[in-house]
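> So here's my_file_29.cif (mmCIF, C-alpha atoms).
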data_my_file
#
loop_
_atom_site.group_PDB
_atom_site.id
_atom_site.type_symbol
_atom_site.label_atom_id
_atom_site.label_comp_id
_atom_site.auth_asym_id
_atom_site.auth_seq_id
_atom_site.Cartn_x
_atom_site.Cartn_y
_atom_site.Cartn_z
ATOM 1 C CA MET V 1 -55.108 -156.904 90.460
ATOM 2 C CA ASP V 2 -55.836 -156.185 94.142
ATOM 3 C CA ILE V 3 -55.637 -152.481 94.942
ATOM 4 C CA ILE V 4 -55.561 -150.769 98.345
ATOM 5 C CA ARG V 5 -58.484 -148.367 98.710
ATOM 6 C CA LEU V 6 -58.422 -145.609 101.306
ATOM 7 C CA LYS V 7 -60.821 -143.524 103.369
ATOM 8 C CA PRO V 8 -59.975 -139.820 102.974
ATOM 9 C CA VAL V 9 -59.279 -137.465 105.885
ATOM 10 C CA PHE V 10 -60.860 -134.002 105.622
ATOM 11 C CA LYS V 11 -59.547 -130.689 106.947
ATOM 12 C CA GLN V 12 -61.637 -127.605 107.646
ATOM 13 C CA MET V 13 -59.860 -124.370 106.713
ATOM 14 C CA ILE V 14 -60.550 -120.646 106.910
ATOM 15 C CA TRP V 15 -60.454 -120.570 103.096
ATOM 16 C CA GLY V 16 -62.335 -123.844 102.444
ATOM 17 C CA GLY V 17 -65.741 -124.492 100.899
ATOM 18 C CA ASN V 18 -68.216 -127.268 100.129
ATOM 19 C CA ARG V 19 -67.330 -128.126 96.560
ATOM 20 C CA MET V 20 -65.985 -131.593 97.374
ATOM 21 C CA ARG V 21 -69.462 -132.738 98.346
ATOM 22 C CA ALA V 22 -70.928 -131.642 95.013
ATOM 23 C CA GLU V 23 -68.006 -132.824 92.875
ATOM 24 C CA TYR V 24 -67.222 -136.162 94.521
ATOM 25 C CA GLY V 25 -70.087 -136.964 96.876
ATOM 26 C CA TYR V 26 -67.762 -136.818 99.887
ATOM 27 C CA ASP V 27 -69.303 -136.651 103.356
ATOM 28 C CA ILE V 28 -67.451 -133.475 104.301
ATOM 29 C CA PRO V 29 -67.391 -132.212 107.908
ATOM 30 C CA GLY V 30 -68.528 -128.636 107.160
ATOM 31 C CA GLU V 31 -69.031 -125.834 104.677
ATOM 32 C CA ASP V 32 -65.404 -124.767 105.138
ATOM 33 C CA THR V 33 -63.753 -128.035 104.057
ATOM 34 C CA GLY V 34 -60.530 -127.068 102.345
ATOM 35 C CA GLU V 35 -58.522 -130.262 102.057
ATOM 36 C CA CYS V 36 -59.111 -133.924 101.361
ATOM 37 C CA TRP V 37 -56.069 -135.958 102.355
ATOM 38 C CA ALA V 38 -56.864 -138.720 99.917
ATOM 39 C CA ILE V 39 -53.750 -140.894 100.193
ATOM 40 C CA SER V 40 -51.877 -140.069 103.379
ATOM 41 C CA ALA V 41 -49.834 -141.772 106.070
ATOM 42 C CA HIS V 42 -48.926 -138.516 107.844
ATOM 43 C CA PRO V 43 -49.600 -138.329 111.615
ATOM 44 C CA ASN V 44 -51.817 -135.272 111.017
ATOM 45 C CA GLY V 45 -54.066 -137.254 108.679
ATOM 46 C CA ASP V 46 -53.510 -141.002 108.462
ATOM 47 C CA CYS V 47 -55.923 -142.705 106.035
ATOM 48 C CA GLU V 48 -57.571 -146.041 106.825
ATOM 49 C CA VAL V 49 -57.632 -148.912 104.357
ATOM 50 C CA VAL V 50 -61.184 -149.711 103.220
ATOM 51 C CA GLY V 51 -62.049 -153.327 102.392
ATOM 52 C CA GLY V 52 -59.884 -156.310 101.595
ATOM 53 C CA GLU V 53 -57.305 -158.095 103.685
ATOM 54 C CA TYR V 54 -56.072 -154.937 105.430
ATOM 55 C CA ASN V 55 -59.448 -153.298 106.149
ATOM 56 C CA GLY V 56 -59.319 -150.726 108.972
ATOM 57 C CA ILE V 57 -55.516 -150.548 109.153
ATOM 58 C CA LYS V 58 -53.911 -147.100 108.988
ATOM 59 C CA LEU V 59 -51.724 -146.543 105.943
ATOM 60 C CA SER V 60 -48.706 -145.714 108.125
ATOM 61 C CA LYS V 61 -49.083 -149.064 109.909
ATOM 62 C CA LEU V 62 -49.509 -150.909 106.632
ATOM 63 C CA TYR V 63 -46.329 -149.302 105.333
ATOM 64 C CA GLU V 64 -44.469 -150.188 108.533
ATOM 65 C CA ASP V 65 -45.582 -153.826 108.696
ATOM 66 C CA HIS V 66 -45.913 -154.785 105.024
ATOM 67 C CA ARG V 67 -43.088 -153.074 103.229
ATOM 68 C CA GLU V 68 -43.260 -155.759 100.543
ATOM 69 C CA LEU V 69 -46.417 -154.064 99.228
ATOM 70 C CA PHE V 70 -44.333 -150.976 98.536
ATOM 71 C CA GLY V 71 -41.385 -152.604 96.795
ATOM 72 C CA ASP V 72 -39.373 -152.888 100.029
ATOM 73 C CA VAL V 73 -38.385 -149.217 99.747
ATOM 74 C CA GLU V 74 -35.967 -148.065 102.423
ATOM 75 C CA ALA V 75 -37.589 -144.709 103.255
ATOM 76 C CA ASP V 76 -38.395 -144.500 106.982
ATOM 77 C CA ARG V 77 -41.920 -143.209 106.247
ATOM 78 C CA PHE V 78 -44.456 -143.390 103.429
ATOM 79 C CA PRO V 79 -42.968 -140.922 100.944
ATOM 80 C CA LEU V 80 -45.937 -139.204 99.271
ATOM 81 C CA LEU V 81 -49.253 -137.521 100.067
ATOM 82 C CA THR V 82 -52.138 -136.906 97.647
ATOM 83 C CA LYS V 83 -54.606 -134.096 98.397
ATOM 84 C CA ILE V 84 -57.584 -132.426 96.813
ATOM 85 C CA ILE V 85 -57.758 -128.732 97.713
ATOM 86 C CA ASP V 86 -60.952 -126.660 97.487
ATOM 87 C CA ALA V 87 -59.942 -123.003 97.657
ATOM 88 C CA ASN V 88 -63.193 -121.119 98.177
ATOM 89 C CA SER V 89 -61.070 -118.057 98.979
ATOM 90 C CA ASP V 90 -57.361 -117.267 98.743
ATOM 91 C CA LEU V 91 -54.802 -119.342 100.627
ATOM 92 C CA SER V 92 -51.991 -117.481 102.372
ATOM 93 C CA ILE V 93 -48.811 -116.493 100.533
ATOM 94 C CA GLN V 94 -46.488 -119.273 101.622
ATOM 95 C CA VAL V 95 -43.324 -121.270 101.049
ATOM 96 C CA HIS V 96 -42.037 -124.715 102.021
ATOM 97 C CA PRO V 97 -38.566 -125.790 103.182
ATOM 98 C CA ASP V 98 -36.452 -128.496 101.584
ATOM 99 C CA ASP V 99 -35.499 -131.739 103.339
ATOM 100 C CA LYS V 100 -32.279 -130.379 104.804
ATOM 101 C CA TYR V 101 -33.870 -127.286 106.369
ATOM 102 C CA ALA V 102 -36.937 -129.183 107.630
ATOM 103 C CA LYS V 103 -34.841 -131.901 109.213
ATOM 104 C CA GLU V 104 -32.825 -129.317 111.124
ATOM 105 C CA HIS V 105 -35.595 -126.866 112.051
ATOM 106 C CA GLU V 106 -38.797 -128.987 112.112
ATOM 107 C CA ASN V 107 -38.009 -131.992 114.308
ATOM 108 C CA GLY V 108 -36.800 -134.274 111.538
ATOM 109 C CA SER V 109 -39.713 -133.650 109.159
ATOM 110 C CA LEU V 110 -39.390 -134.089 105.441
ATOM 111 C CA GLY V 111 -39.368 -130.952 103.353
ATOM 112 C CA LYS V 112 -42.176 -130.302 100.908
ATOM 113 C CA MET V 113 -41.844 -130.629 97.171
ATOM 114 C CA GLU V 114 -45.314 -130.451 95.627
ATOM 115 C CA CYS V 115 -47.169 -130.099 92.338
ATOM 116 C CA TRP V 116 -50.654 -129.013 91.315
ATOM 117 C CA TYR V 117 -53.041 -130.321 88.669
ATOM 118 C CA ILE V 118 -55.896 -127.859 88.111
ATOM 119 C CA LEU V 119 -59.078 -129.949 88.328
ATOM 120 C CA ASP V 120 -61.313 -126.932 87.800
ATOM 121 C CA CYS V 121 -61.314 -123.187 88.334
ATOM 122 C CA ASP V 122 -63.441 -120.098 87.916
ATOM 123 C CA PRO V 123 -63.125 -118.029 84.723
ATOM 124 C CA GLU V 124 -60.134 -115.680 84.943
ATOM 125 C CA ALA V 125 -58.784 -117.528 88.011
ATOM 126 C CA THR V 126 -55.127 -116.999 88.944
ATOM 127 C CA ILE V 127 -52.468 -118.463 91.223
ATOM 128 C CA ILE V 128 -49.237 -117.148 92.728
ATOM 129 C CA VAL V 129 -46.037 -118.955 91.724
ATOM 130 C CA GLY V 130 -42.657 -117.324 92.239
ATOM 131 C CA HIS V 131 -41.482 -113.751 92.824
ATOM 132 C CA ASN V 132 -39.772 -110.839 91.103
ATOM 133 C CA ALA V 133 -36.952 -110.048 93.560
ATOM 134 C CA SER V 134 -33.477 -110.167 92.039
ATOM 135 C CA SER V 135 -31.539 -110.461 95.322
ATOM 136 C CA LYS V 136 -32.061 -111.512 98.923
ATOM 137 C CA ASP V 137 -31.779 -107.903 100.056
ATOM 138 C CA GLU V 138 -34.471 -106.828 97.593
ATOM 139 C CA LEU V 139 -36.676 -109.723 98.702
ATOM 140 C CA CYS V 140 -36.362 -108.737 102.372
ATOM 141 C CA SER V 141 -37.112 -105.089 101.600
ATOM 142 C CA MET V 142 -40.203 -105.927 99.550
ATOM 143 C CA VAL V 143 -41.540 -108.276 102.230
ATOM 144 C CA HIS V 144 -40.932 -105.940 105.183
ATOM 145 C CA GLU V 145 -42.401 -102.998 103.244
ATOM 146 C CA GLY V 146 -45.459 -105.013 102.177
ATOM 147 C CA ARG V 147 -44.872 -104.493 98.451
ATOM 148 C CA TRP V 148 -46.816 -107.640 97.600
ATOM 149 C CA LYS V 149 -48.129 -106.714 94.160
ATOM 150 C CA GLU V 150 -44.636 -105.790 93.060
ATOM 151 C CA LEU V 151 -43.106 -108.930 94.564
ATOM 152 C CA LEU V 152 -45.486 -111.716 93.567
ATOM 153 C CA ARG V 153 -45.843 -113.465 90.201
ATOM 154 C CA GLU V 154 -49.574 -113.892 89.572
ATOM 155 C CA ILE V 155 -50.465 -116.044 86.576
ATOM 156 C CA PRO V 156 -53.748 -117.064 84.908
ATOM 157 C CA ILE V 157 -54.856 -120.695 85.047
ATOM 158 C CA LYS V 158 -57.336 -123.014 83.359
ATOM 159 C CA LYS V 159 -58.597 -126.543 83.890
ATOM 160 C CA GLY V 160 -55.907 -129.107 83.078
ATOM 161 C CA ASP V 161 -52.925 -126.845 83.837
ATOM 162 C CA PHE V 162 -50.054 -128.297 85.849
ATOM 163 C CA PHE V 163 -47.470 -126.605 88.074
ATOM 164 C CA GLN V 164 -44.399 -127.896 89.885
ATOM 165 C CA ILE V 165 -43.735 -126.086 93.196
ATOM 166 C CA ALA V 166 -40.190 -126.726 94.402
ATOM 167 C CA PRO V 167 -39.142 -126.009 98.009
ATOM 168 C CA GLY V 168 -38.214 -122.363 98.373
ATOM 169 C CA THR V 169 -40.883 -121.207 95.884
ATOM 170 C CA ILE V 170 -43.326 -118.511 97.015
ATOM 171 C CA HIS V 171 -46.817 -119.686 96.056
ATOM 172 C CA ALA V 172 -50.530 -119.420 96.794
ATOM 173 C CA ILE V 173 -53.656 -121.113 95.513
ATOM 174 C CA LYS V 174 -56.320 -118.453 95.001
ATOM 175 C CA GLY V 175 -60.078 -118.570 95.407
ATOM 176 C CA GLY V 176 -62.305 -120.429 92.961
ATOM 177 C CA THR V 177 -59.777 -123.197 92.336
ATOM 178 C CA LEU V 178 -60.002 -126.978 92.760
ATOM 179 C CA ILE V 179 -56.640 -128.725 92.698
ATOM 180 C CA LEU V 180 -55.159 -132.199 93.012
ATOM 181 C CA GLU V 181 -51.836 -131.923 94.808
ATOM 182 C CA THR V 182 -49.086 -134.529 94.816
ATOM 183 C CA GLN V 183 -46.469 -133.792 97.471
ATOM 184 C CA GLN V 184 -43.893 -135.184 99.824
ATOM 185 C CA ASN V 185 -45.267 -136.614 103.069
ATOM 186 C CA SER V 186 -44.927 -133.366 105.010
ATOM 187 C CA ASP V 187 -47.173 -130.816 106.709
ATOM 188 C CA ILE V 188 -44.669 -127.962 107.002
ATOM 189 C CA THR V 189 -45.847 -124.612 105.631
ATOM 190 C CA TYR V 190 -44.379 -121.167 106.313
ATOM 191 C CA ARG V 191 -46.879 -118.315 105.929
ATOM 192 C CA LEU V 192 -45.296 -115.196 104.511
ATOM 193 C CA TYR V 193 -48.479 -113.094 104.244
ATOM 194 C CA ASP V 194 -52.152 -113.733 105.071
ATOM 195 C CA TYR V 195 -53.911 -110.563 103.850
ATOM 196 C CA ASP V 196 -54.239 -109.305 107.460
ATOM 197 C CA ARG V 197 -57.343 -111.480 107.890
ATOM 198 C CA LEU V 198 -58.521 -112.811 111.243
ATOM 199 C CA GLN V 199 -59.412 -116.281 112.476
ATOM 200 C CA ASN V 200 -61.403 -116.388 115.712
ATOM 201 C CA GLY V 201 -60.684 -112.672 116.069
ATOM 202 C CA LYS V 202 -56.917 -113.035 115.777
ATOM 203 C CA PRO V 203 -54.399 -112.980 112.919
ATOM 204 C CA ARG V 204 -53.006 -116.379 111.941
ATOM 205 C CA GLU V 205 -49.360 -117.010 112.758
ATOM 206 C CA LEU V 206 -46.810 -115.841 110.205
ATOM 207 C CA HIS V 207 -43.312 -117.297 109.724
ATOM 208 C CA ILE V 208 -41.443 -114.354 108.193
ATOM 209 C CA GLU V 209 -37.885 -115.219 109.199
ATOM 210 C CA LYS V 210 -38.135 -118.900 108.286
ATOM 211 C CA SER V 211 -39.742 -117.930 104.989
ATOM 212 C CA LEU V 212 -36.905 -115.549 104.178
ATOM 213 C CA ASP V 213 -34.427 -118.264 105.135
ATOM 214 C CA VAL V 214 -35.768 -120.732 102.570
ATOM 215 C CA ILE V 215 -37.033 -118.604 99.639
ATOM 216 C CA ARG V 216 -34.837 -119.132 96.610
ATOM 217 C CA VAL V 217 -33.598 -115.980 94.882
ATOM 218 C CA PRO V 218 -34.001 -115.379 92.009
ATOM 219 C CA TYR V 219 -37.051 -117.471 91.177
ATOM 220 C CA GLU V 220 -36.371 -120.051 88.469
ATOM 221 C CA LYS V 221 -39.119 -122.027 86.791
ATOM 222 C CA PRO V 222 -38.496 -125.756 87.390
ATOM 223 C CA LYS V 223 -37.883 -128.152 84.524
ATOM 224 C CA ALA V 224 -40.112 -131.197 84.053
ATOM 225 C CA GLU V 225 -37.382 -133.613 82.807
ATOM 226 C CA LEU V 226 -40.057 -135.713 81.114
ATOM 227 C CA ASP V 227 -37.448 -137.924 79.453
ATOM 228 C CA LYS V 228 -36.969 -139.605 82.859
ATOM 229 C CA LEU V 229 -40.639 -140.647 83.137
ATOM 230 C CA LYS V 230 -40.288 -144.331 82.312
ATOM 231 C CA THR V 231 -43.272 -146.675 82.647
ATOM 232 C CA LYS V 232 -44.744 -149.722 80.885
ATOM 233 C CA ASN V 233 -48.144 -148.004 81.051
ATOM 234 C CA THR V 234 -48.010 -146.494 77.576
ATOM 235 C CA TRP V 235 -51.365 -144.716 77.971
ATOM 236 C CA PHE V 236 -49.905 -142.499 80.724
ATOM 237 C CA SER V 237 -49.028 -138.923 79.740
ATOM 238 C CA GLY V 238 -46.106 -137.502 81.700
ATOM 239 C CA LEU V 239 -46.501 -134.334 83.773
ATOM 240 C CA GLN V 240 -43.459 -134.230 86.053
ATOM 241 C CA TRP V 241 -40.322 -136.052 87.055
ATOM 242 C CA CYS V 242 -38.250 -134.819 89.989
ATOM 243 C CA GLU V 243 -36.101 -136.447 92.640
ATOM 244 C CA ARG V 244 -39.122 -136.956 94.933
ATOM 245 C CA TYR V 245 -41.847 -138.214 92.579
ATOM 246 C CA SER V 246 -43.081 -138.901 89.073
ATOM 247 C CA VAL V 247 -46.584 -137.781 88.054
ATOM 248 C CA TRP V 248 -48.772 -138.659 85.071
ATOM 249 C CA HIS V 249 -52.205 -137.774 83.707
ATOM 250 C CA ALA V 250 -53.988 -140.676 82.004
ATOM 251 C CA THR V 251 -57.164 -140.942 79.955
ATOM 252 C CA LEU V 252 -59.007 -144.262 79.726
ATOM 253 C CA SER V 253 -61.325 -144.723 76.759
ATOM 254 C CA GLY V 254 -62.279 -148.354 76.359
ATOM 255 C CA GLU V 255 -59.719 -150.816 77.719
ATOM 256 C CA GLU V 256 -56.116 -150.515 78.951
ATOM 257 C CA THR V 257 -53.747 -152.547 81.108
ATOM 258 C CA LEU V 258 -52.246 -151.269 84.370
ATOM 259 C CA SER V 259 -48.870 -152.548 85.573
ATOM 260 C CA SER V 260 -47.096 -151.610 88.806
ATOM 261 C CA GLU V 261 -43.736 -153.229 87.935
ATOM 262 C CA ASP V 262 -41.412 -153.054 90.973
ATOM 263 C CA ARG V 263 -42.840 -149.730 92.239
ATOM 264 C CA PHE V 264 -46.137 -148.990 93.902
ATOM 265 C CA ILE V 265 -48.489 -146.503 92.220
ATOM 266 C CA LEU V 266 -50.827 -143.917 93.753
ATOM 267 C CA GLY V 267 -53.977 -143.414 91.701
ATOM 268 C CA SER V 268 -56.819 -140.880 91.763
ATOM 269 C CA VAL V 269 -59.886 -140.983 89.528
ATOM 270 C CA ILE V 270 -60.551 -137.358 88.566
ATOM 271 C CA GLU V 271 -63.328 -137.892 85.992
ATOM 272 C CA GLY V 272 -65.626 -140.677 84.869
ATOM 273 C CA GLU V 273 -65.955 -144.274 86.019
ATOM 274 C CA CYS V 274 -64.449 -147.616 85.175
ATOM 275 C CA GLU V 275 -63.733 -151.142 86.372
ATOM 276 C CA LEU V 276 -60.363 -152.581 87.349
ATOM 277 C CA ASP V 277 -60.576 -156.363 86.995
ATOM 278 C CA GLY V 278 -64.284 -156.075 87.736
ATOM 279 C CA VAL V 279 -63.919 -153.695 90.709
ATOM 280 C CA ALA V 280 -65.857 -150.448 90.195
ATOM 281 C CA LEU V 281 -63.999 -147.124 90.431
ATOM 282 C CA LYS V 282 -65.532 -143.680 90.046
ATOM 283 C CA LYS V 283 -64.615 -140.014 90.171
ATOM 284 C CA GLY V 284 -63.273 -139.189 93.650
ATOM 285 C CA ASP V 285 -61.851 -142.656 94.364
ATOM 286 C CA HIS V 286 -58.203 -142.984 95.404
ATOM 287 C CA PHE V 287 -56.111 -146.126 95.641
ATOM 288 C CA ILE V 288 -52.660 -147.670 95.768
ATOM 289 C CA VAL V 289 -51.482 -150.339 93.361
ATOM 290 C CA PRO V 290 -48.967 -152.448 95.345
ATOM 291 C CA ALA V 291 -45.563 -153.176 93.842
ATOM 292 C CA ASP V 292 -45.035 -156.360 91.843
ATOM 293 C CA THR V 293 -48.726 -157.168 91.446
ATOM 294 C CA GLU V 294 -50.214 -158.905 88.436
ATOM 295 C CA GLU V 295 -51.171 -156.729 85.501
ATOM 296 C CA GLY V 296 -54.750 -155.473 85.736
ATOM 297 C CA THR V 297 -57.316 -154.569 83.110
ATOM 298 C CA LEU V 298 -59.190 -151.263 83.212
ATOM 299 C CA LYS V 299 -62.423 -150.837 81.262
ATOM 300 C CA GLY V 300 -64.527 -147.697 80.965
ATOM 301 C CA SER V 301 -64.203 -143.973 80.434
ATOM 302 C CA ALA V 302 -62.197 -142.080 83.048
ATOM 303 C CA GLU V 303 -59.300 -139.735 83.759
ATOM 304 C CA PHE V 304 -56.624 -140.344 86.380
ATOM 305 C CA ILE V 305 -53.668 -138.751 88.086
ATOM 306 C CA PHE V 306 -51.023 -141.383 88.872
ATOM 307 C CA SER V 307 -47.821 -140.885 90.850
ATOM 308 C CA MET V 308 -44.816 -142.892 92.012
ATOM 309 C CA ALA V 309 -42.130 -142.149 94.573
#
Show the structure stored in the file as structure tokens.

Amino acid sequence: MDIIRLKPVFKQMIWGGNRMRAEYGYDIPGEDTGECWAISAHPNGDCEVVGGEYNGIKLSKLYEDHRELFGDVEADRFPLLTKIIDANSDLSIQVHPDDKYAKEHENGSLGKMECWYILDCDPEATIIVGHNASSKDELCSMVHEGRWKELLREIPIKKGDFFQIAPGTIHAIKGGTLILETQQNSDITYRLYDYDRLQNGKPRELHIEKSLDVIRVPYEKPKAELDKLKTKNTWFSGLQWCERYSVWHATLSGEETLSSEDRFILGSVIEGECELDGVALKKGDHFIVPADTEEGTLKGSAEFIFSMA
């Protein structure tokens, strides 16, 4: 099985840290590295293919010119984006639009459905997911009056937890958290609140009105619909099915087969090391299994996050 390996793109952030160097051996650009765009064809971070027939080609170009590798899908752009996020301090309170709103208000961008797998976190770490407003009027009042503690749903987390973040959901990753994020291929984020902190002596831009436009009221916890997660890879354990992606956690202990069927697979090694048909993979490696490729054999001890569009 020939996989497509990718060179990550790193983003320095006001809230970032240096944990990716220690955890994965990445050559990060600074001590404030917040994001690793591990599998991305977005213009703001387009990964290069490393090795093989397509070495040095950007993923967006590969998708454009060799659609057969991706099951000849009709989407006008590569549909997904895999990130690792190192939150050394709290991210802003934010929300993402859906496809319809983003297309109209953000120059044809996709919206942003996303999900989080907690790779690691500090003891007693928390995240923000959802809100407590019962109506749009109450939401607006709480936001404009700065009643953040009353508004926000803060929940405890632990390693291995998983969260689906639908468009319109208020959310924030908080400090001391390392996350693998699977999302739509979008870079649209509306900041609702940023703790009044400064960057280069100035507050970061907020997007209050757009946020209020897209926040869903009341908050409803999304359903996983795991019965729709169909795959021949029986060693996969389902995490999420939604209209934009399917996501699995998988544990390799010994030997398993990997089949892409008629859909391409995004893979991230989150623990351990292994070989795929003799090719070494280790923690921190990310790859794409092209559609309709021969079944491969994995040997070793490792954990993965896999996703499909």
> For this structure, which residues satisfy the selection - the PyMOL selection byres ((chain V and resi 210) around 12) - when it is evaluated on the file as given? I want them as a list in words.
Gln94, Val95, His96, Pro97, Asp98, Tyr101, Ala102, His105, Glu106, Cys140, Gly168, Ile188, Thr189, Tyr190, Arg191, Leu192, Leu206, His207, Ile208, Glu209, Ser211, Leu212, Asp213, Val214 and Ile215 of chain V
> Can you work out which one of V:Ser89, V:Thr257, V:Thr33, V:Asn132 has the shortest atom-to-atom distance to Arg19 in chain V, counting only C-alpha atoms?
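Distance minimum relative to Arg19 in chain V lands on V:Thr33.
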> Which residues are near Ile265 in chain V? Cut-off 12 Å, all atoms listed in the file, ignore same chain within fewer than 3 positions. Put them as number ranges by chain.
V: 3-4, 39, 69-71, 79-82, 231, 233, 245-248, 258-262, 268, 286-293, 304-309
> I'd like the interatomic distance between CA of Val9 in chain V and CA of Tyr54 in chain V, to a tenth of an Å.
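Answer for the CA of Val9 in chain V to CA of Tyr54 in chain V separation: 17.8 Å.
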> Do you know which residues lie at most 8 Å from (-51.2, -141.9, 80.6), with coordinates as in the file and all atoms listed in the file counted, and could you write them as an MDAnalysis selection string?
chainID V and resid 233:238 248:251
> Measuring between all atoms listed in the file, which one of V:Ala133, V:Val279, V:Leu152, V:Ala166 shows the shortest distance to Lys221 in chain V?
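With all atoms listed in the file as the atom set, the closest residue is V:Ala166.
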> Once the PyMOL selection byres ((chain V and resi 31) around 12) has been evaluated on this model, what residues remain selected, and can you format them as an MDAnalysis selection string?
chainID V and resid 10:22 27:30 32:35 86:88
> Keeping C-alpha atoms, export the residues of the selection given above as a compact mmCIF listing (two decimals), keeping the file's coordinate frame.

# COMPACT_ATOMS: atom_id res chain seq x y z
CA PHE V 10 -60.86 -134.00 105.62
CA LYS V 11 -59.55 -130.69 106.95
CA GLN V 12 -61.64 -127.60 107.65
CA MET V 13 -59.86 -124.37 106.71
CA ILE V 14 -60.55 -120.65 106.91
CA TRP V 15 -60.45 -120.57 103.10
CA GLY V 16 -62.34 -123.84 102.44
CA GLY V 17 -65.74 -124.49 100.90
CA ASN V 18 -68.22 -127.27 100.13
CA ARG V 19 -67.33 -128.13 96.56
CA MET V 20 -65.98 -131.59 97.37
CA ARG V 21 -69.46 -132.74 98.35
CA ALA V 22 -70.93 -131.64 95.01
CA ASP V 27 -69.30 -136.65 103.36
CA ILE V 28 -67.45 -133.48 104.30
CA PRO V 29 -67.39 -132.21 107.91
CA GLY V 30 -68.53 -128.64 107.16
CA ASP V 32 -65.40 -124.77 105.14
CA THR V 33 -63.75 -128.04 104.06
CA GLY V 34 -60.53 -127.07 102.34
CA GLU V 35 -58.52 -130.26 102.06
CA ASP V 86 -60.95 -126.66 97.49
CA ALA V 87 -59.94 -123.00 97.66
CA ASN V 88 -63.19 -121.12 98.18
> Please report the interatomic distance between CA of Ile155 in chain V and CA of Val129 in chain V in Å with one decimal.
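Computing it gives 7.4 Å between the two atoms.
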> Under the rule that all atoms listed in the file are counted, which of V:Lys174, V:Lys100, V:Lys159, V:Lys83 is the nearest residue to Leu119 in chain V?
V:Lys159
> Can you tell me which residues surround Cys47 in chain V at a distance of at most 9 Å, considering all atoms listed in the file, apart from same-chain residues fewer than 5 positions away, and format the answer as a list in words?
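Contacts, in chain order: Leu6, Lys7, Pro8, Val9, Trp37, Ala38, Ile39, Ser40, Ala41, His42, Ile57, Lys58, Leu59 and Ser60 of chain V.
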> Using CA of Thr177 in chain V and CA of Thr126 in chain V as the two end points, give the distance in Å to one decimal.
8.5 Å
